[in-house]
Structures are given as C-alpha cells and as structure tokens.
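The structure appears below as structure tokens.
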Protein chains: 2
Amino acid sequence: MLYSTTCSYAIRALARLAVIRPEGYVRITELCEGTDLPSHFLAKIFRDLVGAGLLTSAKGRGGGFALAKRPNEVRLYDIVDAVDGIKAYSQCVVGLAKCDATQPCPQHDYFLPVRKEIIAYLESTTLDQMSEALAKKMEILALAERSSDLPVVSD
Amino acid sequence: MLYSTTCSYAIRALARLAVIRPEGYVRITELCEGTDLPSHFLAKIFRDLVGAGLLTSAKGRGGGFALAKRPNEVRLYDIVDAVDGIKAYSQCVVGLAKCDATQPCPQHDYFLPVRKEIIAYLESTTLDQMSEALAKKMEILALAERSSDLPVVSD
DNA sequence: GGATAAACGGACTTGCGAGTCTAATATCAT
DNA sequence: ATGATATTAGACTCGCAAGTCCGTTTATCC
C-alpha cells in the first residue's frame, strides 16, 4: 500500500540480485527461480531500471543484469523514485491539487509526522541492509526445506 | 498515495459534511458544490458508508446524508477501514503473502516504525479535528474570494 | 560463421479502480 | 393523490496499471 505492485517487484528483485551476485550479471530467469516474481514483467521493469541508472545489462551468453552501484549506495528512496517517482510521496495526502501551508487540507498538519517518517525510512534503508535481511531469511528457509523435503516458494 | 482515490473522496466529503451540518441531512449536490468532488461517484461511496454505519440517509425532500455519530467519535481509522479496509495497512510492505516475525521480508524490521506512525495517525485523527481545520480554511478562502471577486474551487 | 543465449522493444491482453448514467423507490409538501 | 425531490441500485464505460507474448538485436562460444 506504500508502493505500487511494480515497485514492490523491483525492490524484491533488487534485494535478491544483491544476495545472489552483488557484482556480476544475473539472468532474469535465475533471479525469479523459486519466487512468484513474474519474469516477463520483471524483464520490462529491469529495462527501465537500466534507463534509470540503477542497473547495467549485458546481452548474450553470460549476460544478464547487474547492479550499477554497490548495495550500500542504493537507497530504497532511489528505487522508489525510479519506479513510482518520489513526487507521489510529497503530494497532498487526500489528493488536493492545492495543498500547502497557506491552503492546507483538513489533515495537513496531522499527517506531517507520518510523511517525515516515511521519507526517513526511504532515505535510510539501503539495499545492503535488505539483502542482509533477505540472506538470513533464505538461509532459514533452506534449512526448513532440507528438513521437511518441501520446496518453499518465497523470497 | 496512502489512501485510494475513493477513500480520499470519502474523507474530504465527510469533513465537509461535518462543517456544513454536523447533525442533520445534507444533499450530495450541496456537499459537492464549489469542490471537484464527483457527485455521482460520491453518491455511490456514501451508500457504502451508510452500510458501514458511518452515515445515515433519508430520501425525499429535506433528506440527504447525515453523520451517524458525533464528529469527535469518528476516527480517520474508521473511514479508511470502511472504504479501503484496514487490512491493507497491516499487510507486508512489499506484498509478500507470508511475512511475519519468523519469515520477515527484506524490509520488515525497518518498516515497523513507519507502520506504527501511520496507525497512530489514523487512530488519533478525528473528524472534528479535520472539520475544524477545514472550517478555518474555508473561512480564509471566502475572504480571499470576496476581496478578489474570483470564485475559488476547493475544499 | 553458425548456433545459442541473453536483453531489447513494442504490441497486445487483462483486470480493476474510477467514474457515468438511468431507472426504481421512498418521502415530503400541497 | 400527485408531483417534486432525494437516495438506492446496478449496469455500463473508461483509463491505466499489470502482465503476456513474440520478433529483433547483440554478444558469446564452438
């Protein structure tokens, strides 16, 4: 509800990319394996992320997508901005065209701390934090799978 | 970006309702006058709010919609829950089906304070706070209009 | 150079939230 | 009673985000 579906896919995929291969190319199909990420759609999203400068790509054998920067240099903020556009987060909370200090909407003042918290969250969370959390989770899932012999589809 | 468009309409309309007539019926057309609220669509939304117990309605001359409770008893939380469903706010921030303390998503821990802040905001903000803020704004706008002789479309 | 393997590009489909429209129903005033 | 006025109900349209598909291009390997 904070991000668009497209943006959620982007975030999850980038976190996976940072875990699987922090530097070097990963194929889309490999990236989506064992997850419910829609590979065709993600391919389209990744193309845009290349355009936005977050990813680089290489065609042909051994190719794929790679992070354009080191994981600790990529903020959640940058991903969200590239996909949804950060503007969506600075607009009026009830969608008024005119909403500022002189013409505030009914919730303007009350919402300020929430907006502040969201922006701080987007700016302070980085890809390496997310990849670290994800790596830990994948490890746990792998253990669970080995003991139950059930494939776990998640990321 | 926090609410659906429908929910924004509901919030704005209820705030207006509380300003125009805190108790007693207001017609949809009257409520939308001088705003960009889509009256037909709002009629549909208000029907649902009647079903949710936030509004009461009366047909025929002198009828319309009225608040079912006093403005200070209606929280933003209640409105959002009636329209979007509060469940949307408690789900995983990146849309994972399974996401809890045992299987957290890559952002689970980092997002907690944001979620907390949002919920606090929804629970603590009430309709009378919003109507008070709106009344103040409408007053300013009315003054501006009188001095410039330009009709101001807003709420 | 041919086969293969990957991204690239765009056209296309689908699903759903948003918004419109009209007929039905209930209420009030005279 | 009758006409005016309001919600009610639901079918319908519209636009966009989400998702699919396939041919093209570029790179690599043998």
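Order determines the names: the first chain of the structure tokens is A, the second B, and so forth; residues in each chain are numbered 1 upward, and ligands are numbered 1 upward as they are shown.
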
For chain D, which residues have at least one atom within 9 Å of chain B, if we go by only C-alpha atoms (C1' of nucleotides)? Write them as a list of chain:residue names, please.
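Listed by rising number, the hits are D:DA4, D:DT5, D:DA6, D:DT7, D:DT8.
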
For B:Ala133, list every protein, DNA or RNA residue within 8 Å, evaluated using only C-alpha atoms (C1' of nucleotides), and leave out those in the same chain fewer than 2 positions away; present the list as a PyMOL selection string.
(chain A and resi 105-107) or (chain B and resi 129-131+135-137)

Writer output for current selection, N, CA and C atoms, as a PDB file, in the first residue's frame:
```
ATOM      1  N   CYS A 105      -4.877  21.082   3.551  1.00  0.00           N
ATOM      2  CA  CYS A 105      -6.027  20.196   3.536  1.00  0.00           C
ATOM      3  C   CYS A 105      -6.399  19.861   4.990  1.00  0.00           C
ATOM      4  N   PRO A 106      -7.566  19.288   5.207  1.00  0.00           N
ATOM      5  CA  PRO A 106      -8.033  19.030   6.569  1.00  0.00           C
ATOM      6  C   PRO A 106      -7.069  18.207   7.423  1.00  0.00           C
ATOM      7  N   GLN A 107      -6.134  17.526   6.782  1.00  0.00           N
ATOM      8  CA  GLN A 107      -5.250  16.661   7.563  1.00  0.00           C
ATOM      9  C   GLN A 107      -3.803  17.114   7.533  1.00  0.00           C
TER      10      GLN A 107
ATOM     11  N   GLN B 129     -11.448  17.212  14.368  1.00  0.00           N
ATOM     12  CA  GLN B 129     -10.183  17.892  14.106  1.00  0.00           C
ATOM     13  C   GLN B 129     -10.109  18.334  12.648  1.00  0.00           C
ATOM     14  N   MET B 130     -10.509  17.432  11.778  1.00  0.00           N
ATOM     15  CA  MET B 130     -10.448  17.726  10.349  1.00  0.00           C
ATOM     16  C   MET B 130     -11.440  18.809   9.964  1.00  0.00           C
ATOM     17  N   SER B 131     -12.617  18.740  10.550  1.00  0.00           N
ATOM     18  CA  SER B 131     -13.635  19.729  10.189  1.00  0.00           C
ATOM     19  C   SER B 131     -13.240  21.106  10.702  1.00  0.00           C
ATOM     20  N   ALA B 135     -12.870  24.161   8.293  1.00  0.00           N
ATOM     21  CA  ALA B 135     -13.667  25.369   8.508  1.00  0.00           C
ATOM     22  C   ALA B 135     -12.773  26.604   8.456  1.00  0.00           C
ATOM     23  N   LYS B 136     -11.617  26.474   9.081  1.00  0.00           N
ATOM     24  CA  LYS B 136     -10.661  27.587   9.090  1.00  0.00           C
ATOM     25  C   LYS B 136     -10.238  27.914   7.653  1.00  0.00           C
ATOM     26  N   LYS B 137      -9.970  26.888   6.909  1.00  0.00           N
ATOM     27  CA  LYS B 137      -9.525  27.086   5.532  1.00  0.00           C
ATOM     28  C   LYS B 137     -10.619  27.735   4.678  1.00  0.00           C
TER      29      LYS B 137
END
```

Near-D:DC29 list (10 Å; only C-alpha atoms (C1' of nucleotides); drop same-chain fewer than 3 positions) as a ChimeraX atom specification:
/A:61 /C:3-5

With a cut-off of 8 Å and counting only C-alpha atoms, select all residues of chain A in contact with chain B and give the selection as number ranges by chain.
A: 1-3, 5, 8-9, 11-12, 15, 88-89, 93-95, 103-107, 110-111, 113-114, 117-118, 121, 125, 129-134, 137, 155

Could you pull out all residues of chain A with a DSSP call of helix (DSSP H, G or I) and give them as an MDAnalysis selection string?
chainID A and resid 5:20 28:32 39:51 71:73 76:83 87:90 108:124 127:148

Per DSSP on the backbone, what are the strand (DSSP E) residues of stretch 14-90 of chain A, as a list in words?
Leu55, Thr56, Ser57, Ala58, Gly64, Phe65, Ala66 and Leu67 of chain A

Interatomic distance between atom C1' of D:DC22 and atom CA of A:Gly24?
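Interatomic distance here is 28.0 Å.
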
For B:Ala13: contacts at 8 Å, only C-alpha atoms (C1' of nucleotides), fewer than 5 positions along chain excluded, given as a PDB file with N, CA and C atoms, in the first residue's frame:
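Output below, filename result-v2.pdb:
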```pdb
ATOM      1  N   LEU B  31     -23.281  19.156  -1.008  1.00  0.00           N
ATOM      2  CA  LEU B  31     -21.982  18.815  -0.439  1.00  0.00           C
ATOM      3  C   LEU B  31     -20.856  19.026  -1.448  1.00  0.00           C
ATOM      4  N   CYS B  32     -21.163  18.802  -2.704  1.00  0.00           N
ATOM      5  CA  CYS B  32     -20.119  18.864  -3.737  1.00  0.00           C
ATOM      6  C   CYS B  32     -19.965  20.256  -4.339  1.00  0.00           C
ATOM      7  N   LEU B  37     -15.275  17.379  -6.133  1.00  0.00           N
ATOM      8  CA  LEU B  37     -15.750  16.044  -5.783  1.00  0.00           C
ATOM      9  C   LEU B  37     -16.773  15.590  -6.821  1.00  0.00           C
TER      10      LEU B  37
END
```

Please return, as a compact mmCIF listing (two decimals) with C-alpha atoms (C1' of nucleotides), in the first residue's frame, all residues of chain C lying within 7 Å of chain B when only C-alpha atoms (C1' of nucleotides) are considered.
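Okay, this is what ended up in part20.txt:
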```
# COMPACT_ATOMS: atom_id res chain seq x y z
C1' DG C 19 -16.50 7.40 -12.87
C1' DA C 26 -39.14 6.24 -0.79
C1' DT C 27 -40.53 10.66 1.28
C1' DC C 28 -42.42 15.17 1.73
```
